[in-house]
$ cat query_24.cif   # mmCIF, C-alpha atoms and all ligand atoms; chains and numbers go by the auth columns
data_data
#
loop_
_atom_site.group_PDB
_atom_site.id
_atom_site.type_symbol
_atom_site.label_atom_id
_atom_site.label_comp_id
_atom_site.label_asym_id
_atom_site.label_seq_id
_atom_site.Cartn_x
_atom_site.Cartn_y
_atom_site.Cartn_z
_atom_site.B_iso_or_equiv
_atom_site.auth_seq_id
_atom_site.auth_asym_id
ATOM 1 C CA MET A 1 23.125 16.628 37.469 0.00 1 A
ATOM 2 C CA THR A 2 19.659 15.181 36.994 0.00 2 A
ATOM 3 C CA ASP A 3 16.315 16.921 36.707 0.00 3 A
ATOM 4 C CA GLN A 4 13.757 15.794 39.237 0.00 4 A
ATOM 5 C CA ALA A 5 10.466 16.446 37.509 0.00 5 A
ATOM 6 C CA ASP A 6 8.470 15.436 40.579 0.00 6 A
ATOM 7 C CA PHE A 7 9.743 18.456 42.487 0.00 7 A
ATOM 8 C CA ILE A 8 9.872 22.219 42.077 0.00 8 A
ATOM 9 C CA TYR A 9 12.764 24.370 43.180 0.00 9 A
ATOM 10 C CA PHE A 10 11.735 27.769 44.551 0.00 10 A
ATOM 11 C CA GLU A 11 14.152 30.666 44.935 0.00 11 A
ATOM 12 C CA CYS A 12 13.611 34.185 46.228 0.00 12 A
ATOM 13 C CA GLN A 13 15.440 36.756 44.122 0.00 13 A
ATOM 14 C CA ALA A 14 15.277 39.292 46.951 0.00 14 A
ATOM 15 C CA CYS A 15 16.943 37.400 49.802 0.00 15 A
ATOM 16 C CA GLY A 16 18.195 34.153 48.291 0.00 16 A
ATOM 17 C CA PHE A 17 16.001 31.857 50.357 0.00 17 A
ATOM 18 C CA ASP A 18 15.270 28.616 48.532 0.00 18 A
ATOM 19 C CA SER A 19 13.200 25.512 49.074 0.00 19 A
ATOM 20 C CA VAL A 20 11.985 22.396 47.299 0.00 20 A
ATOM 21 C CA GLN A 21 8.350 21.386 47.092 0.00 21 A
ATOM 22 C CA LYS A 22 6.502 18.560 45.394 0.00 22 A
ATOM 23 C CA ALA A 23 5.379 19.244 41.833 0.00 23 A
ATOM 24 C CA ASP A 24 1.747 19.308 42.948 0.00 24 A
ATOM 25 C CA PHE A 25 2.450 21.980 45.571 0.00 25 A
ATOM 26 C CA THR A 26 -0.452 24.392 45.700 0.00 26 A
ATOM 27 C CA GLY A 27 0.691 26.793 48.413 0.00 27 A
ATOM 28 C CA SER A 28 1.787 30.380 48.084 0.00 28 A
ATOM 29 C CA ASP A 29 4.762 31.340 45.940 0.00 29 A
ATOM 30 C CA ALA A 30 5.547 34.189 48.346 0.00 30 A
ATOM 31 C CA CYS A 31 8.921 34.055 50.093 0.00 31 A
ATOM 32 C CA PRO A 32 8.284 33.221 53.783 0.00 32 A
ATOM 33 C CA LEU A 33 11.375 35.085 54.959 0.00 33 A
ATOM 34 C CA CYS A 34 10.556 38.342 53.190 0.00 34 A
ATOM 35 C CA ASP A 35 6.994 38.003 54.382 0.00 35 A
ATOM 36 C CA GLY A 36 7.965 37.230 57.958 0.00 36 A
ATOM 37 C CA ASP A 37 10.847 39.668 58.349 0.00 37 A
ATOM 38 C CA ASN A 38 9.605 42.644 56.402 0.00 38 A
ATOM 39 C CA ASN A 39 5.950 41.885 55.755 0.00 39 A
ATOM 40 C CA ARG A 40 6.889 42.284 52.123 0.00 40 A
ATOM 41 C CA TYR A 41 5.713 40.122 49.252 0.00 41 A
ATOM 42 C CA SER A 42 8.447 38.642 47.112 0.00 42 A
ATOM 43 C CA GLN A 43 7.445 36.140 44.474 0.00 43 A
ATOM 44 C CA MET A 44 9.783 33.175 44.367 0.00 44 A
ATOM 45 C CA THR A 45 10.935 31.921 40.989 0.00 45 A
ATOM 46 C CA GLN A 46 10.215 28.300 40.116 0.00 46 A
ATOM 47 C CA ARG A 47 11.957 25.702 38.012 0.00 47 A
ATOM 48 C CA ILE A 48 12.304 21.944 37.891 0.00 48 A
ATOM 49 C CA CYS A 49 14.343 20.654 40.793 0.00 49 A
ATOM 50 C CA ARG A 50 17.784 19.139 40.227 0.00 50 A
ATOM 51 C CA ASP A 51 19.447 16.536 42.368 0.00 51 A
ATOM 52 C CA THR A 52 22.231 19.001 43.163 0.00 52 A
ATOM 53 C CA ASP A 53 19.862 21.532 44.744 0.00 53 A
ATOM 54 C CA GLN A 54 20.437 21.989 48.466 0.00 54 A
ATOM 55 C CA PRO A 55 17.680 24.294 49.687 0.00 55 A
ATOM 56 C CA GLU A 56 18.030 26.394 52.799 0.00 56 A
ATOM 57 C CA GLY A 57 14.378 25.862 53.650 0.00 57 A
ATOM 58 C CA ARG A 58 12.017 22.951 53.323 0.00 58 A
ATOM 59 C CA ASP A 59 13.182 20.055 51.170 0.00 59 A
ATOM 60 C CA ALA A 60 10.201 17.919 50.208 0.00 60 A
ATOM 61 C CA ARG A 61 12.550 15.218 48.908 0.00 61 A
ATOM 62 C CA THR A 62 13.610 14.358 52.446 0.00 62 A
ATOM 63 C CA ALA A 63 10.021 14.276 53.744 0.00 63 A
ATOM 64 C CA LEU A 64 8.888 11.276 51.739 0.00 64 A
HETATM 65 ZN ZN ZN B . 12.886 36.423 50.313 0.00 101 B
#
$ encode --input "query_24.cif" --output "structure tokens" --more "lines below"
Ligand SMILES: [Zn+2]
Amino acid sequence: MTDQADFIYFECQACGFDSVQKADFTGSDACPLCDGDNNRYSQMTQRICRDTDQPEGRDARTAL
């Protein structure tokens, strides 16, 4: 398992949705599923991405 300091791993504690964004990501930290489904704000937790992360949502590592 290797840290990928160029990327951030986001995870919603409410519904489990996760995604990976570039380290310079400046968008919202609100979970898009909670926002879209329930119009409810859930702040996603952030940590350094690891190469073993397999996000359900967007994976910025594959968009290079
Ligand atoms: Zn959520």
$ closest_residue --input "query_24.cif" --among "A:Gly16, A:Thr62, A:Ala23, A:Glu56" --to "Ser42 of chain A" --atoms "only C-alpha atoms"
A:Gly16
$ residues_near_ligand --input "query_24.cif" --ligand "ligand ZN 101 (chain B)" --cutoff "12 Å" --atoms "all atoms listed in the file" --output "list in words"
Phe10, Glu11, Cys12, Gln13, Ala14, Cys15, Gly16, Phe17, Asp18, Ser19, Asp29, Ala30, Cys31, Pro32, Leu33, Cys34, Asp35, Gly36, Asp37, Asn38, Asn39, Arg40, Tyr41, Ser42, Gln43, Met44, Thr45, Glu56 and Gly57 of chain A
$ atom_distance --input "query_24.cif" --atom1 "atom CA of Ile48 of chain A" --atom2 "atom CA of Asp3 of chain A"
6.5 Å
$ residues_around --input "query_24.cif" --residues "Asp59 of chain A" --least-positions-apart "2" --cutoff "12 Å" --atoms "all atoms listed in the file" --output "PyMOL selection string"
chain A and resi 7-10+18-22+49-51+53-57+61-64
$ axis_aligned_box --input "query_24.cif" --around "segment 58-62 of chain A" --padding-each-side "3 Å" --output "lines of an AutoDock Vina configuration file"
center_x = 11.9
center_y = 18.7
center_z = 51.1
size_x = 9.4
size_y = 14.6
size_z = 10.4
$ decode --input "query_24.cif" --residues "chain A" --atoms "C-alpha atoms" --output "CSV table (one decimal), in the first residue's frame"
chain,number,residue,atom,x,y,z
A,1,MET,CA,0.0,0.0,0.0
A,2,THR,CA,1.4,3.3,-1.1
A,3,ASP,CA,0.3,6.8,-0.3
A,4,GLN,CA,-0.4,9.0,-3.3
A,5,ALA,CA,0.2,12.5,-2.1
A,6,ASP,CA,-0.9,14.0,-5.3
A,7,PHE,CA,-4.5,12.9,-4.7
A,8,ILE,CA,-7.1,13.2,-1.9
A,9,TYR,CA,-9.5,10.4,-1.0
A,10,PHE,CA,-13.0,11.7,0.0
A,11,GLU,CA,-15.4,9.5,1.9
A,12,CYS,CA,-19.0,10.3,3.1
A,13,GLN,CA,-19.6,9.0,6.6
A,14,ALA,CA,-23.3,9.1,6.1
A,15,CYS,CA,-23.8,7.0,3.0
A,16,GLY,CA,-20.3,5.6,2.2
A,17,PHE,CA,-19.9,7.3,-1.1
A,18,ASP,CA,-16.2,7.8,-1.9
A,19,SER,CA,-14.2,9.5,-4.6
A,20,VAL,CA,-10.6,10.5,-5.4
A,21,GLN,CA,-9.7,14.1,-6.5
A,22,LYS,CA,-6.4,15.8,-7.3
A,23,ALA,CA,-4.6,17.3,-4.3
A,24,ASP,CA,-5.4,20.8,-5.7
A,25,PHE,CA,-9.1,20.1,-5.9
A,26,THR,CA,-11.0,23.2,-4.9
A,27,GLY,CA,-14.6,22.1,-5.2
A,28,SER,CA,-17.1,21.4,-2.5
A,29,ASP,CA,-16.5,18.8,0.2
A,30,ALA,CA,-20.2,18.1,0.3
A,31,CYS,CA,-21.3,14.5,-0.6
A,32,PRO,CA,-23.0,14.7,-4.0
A,33,LEU,CA,-25.3,11.7,-3.2
A,34,CYS,CA,-26.6,13.0,0.1
A,35,ASP,CA,-27.1,16.4,-1.6
A,36,GLY,CA,-28.8,14.9,-4.7
A,37,ASP,CA,-30.9,12.3,-3.0
A,38,ASN,CA,-31.9,14.1,0.2
A,39,ASN,CA,-30.9,17.7,-0.3
A,40,ARG,CA,-28.9,17.2,2.8
A,41,TYR,CA,-25.4,18.4,3.4
A,42,SER,CA,-22.9,15.8,4.5
A,43,GLN,CA,-19.2,16.8,4.8
A,44,MET,CA,-16.9,14.2,3.3
A,45,THR,CA,-13.8,13.3,5.2
A,46,GLN,CA,-10.5,13.7,3.5
A,47,ARG,CA,-7.2,11.9,3.7
A,48,ILE,CA,-4.2,11.2,1.4
A,49,CYS,CA,-5.1,8.7,-1.3
A,50,ARG,CA,-3.6,5.2,-1.3
A,51,ASP,CA,-3.1,3.1,-4.3
A,52,THR,CA,-5.5,0.5,-2.9
A,53,ASP,CA,-8.4,3.0,-2.9
A,54,GLN,CA,-11.2,2.0,-5.3
A,55,PRO,CA,-13.7,4.9,-5.2
A,56,GLU,CA,-17.3,4.4,-6.1
A,57,GLY,CA,-17.4,7.9,-7.7
A,58,ARG,CA,-15.0,9.9,-9.6
A,59,ASP,CA,-11.4,8.7,-9.7
A,60,ALA,CA,-9.1,11.5,-10.8
A,61,ARG,CA,-6.2,9.0,-11.2
A,62,THR,CA,-7.8,7.5,-14.2
A,63,ALA,CA,-8.6,10.9,-15.8
A,64,LEU,CA,-5.0,11.9,-16.4
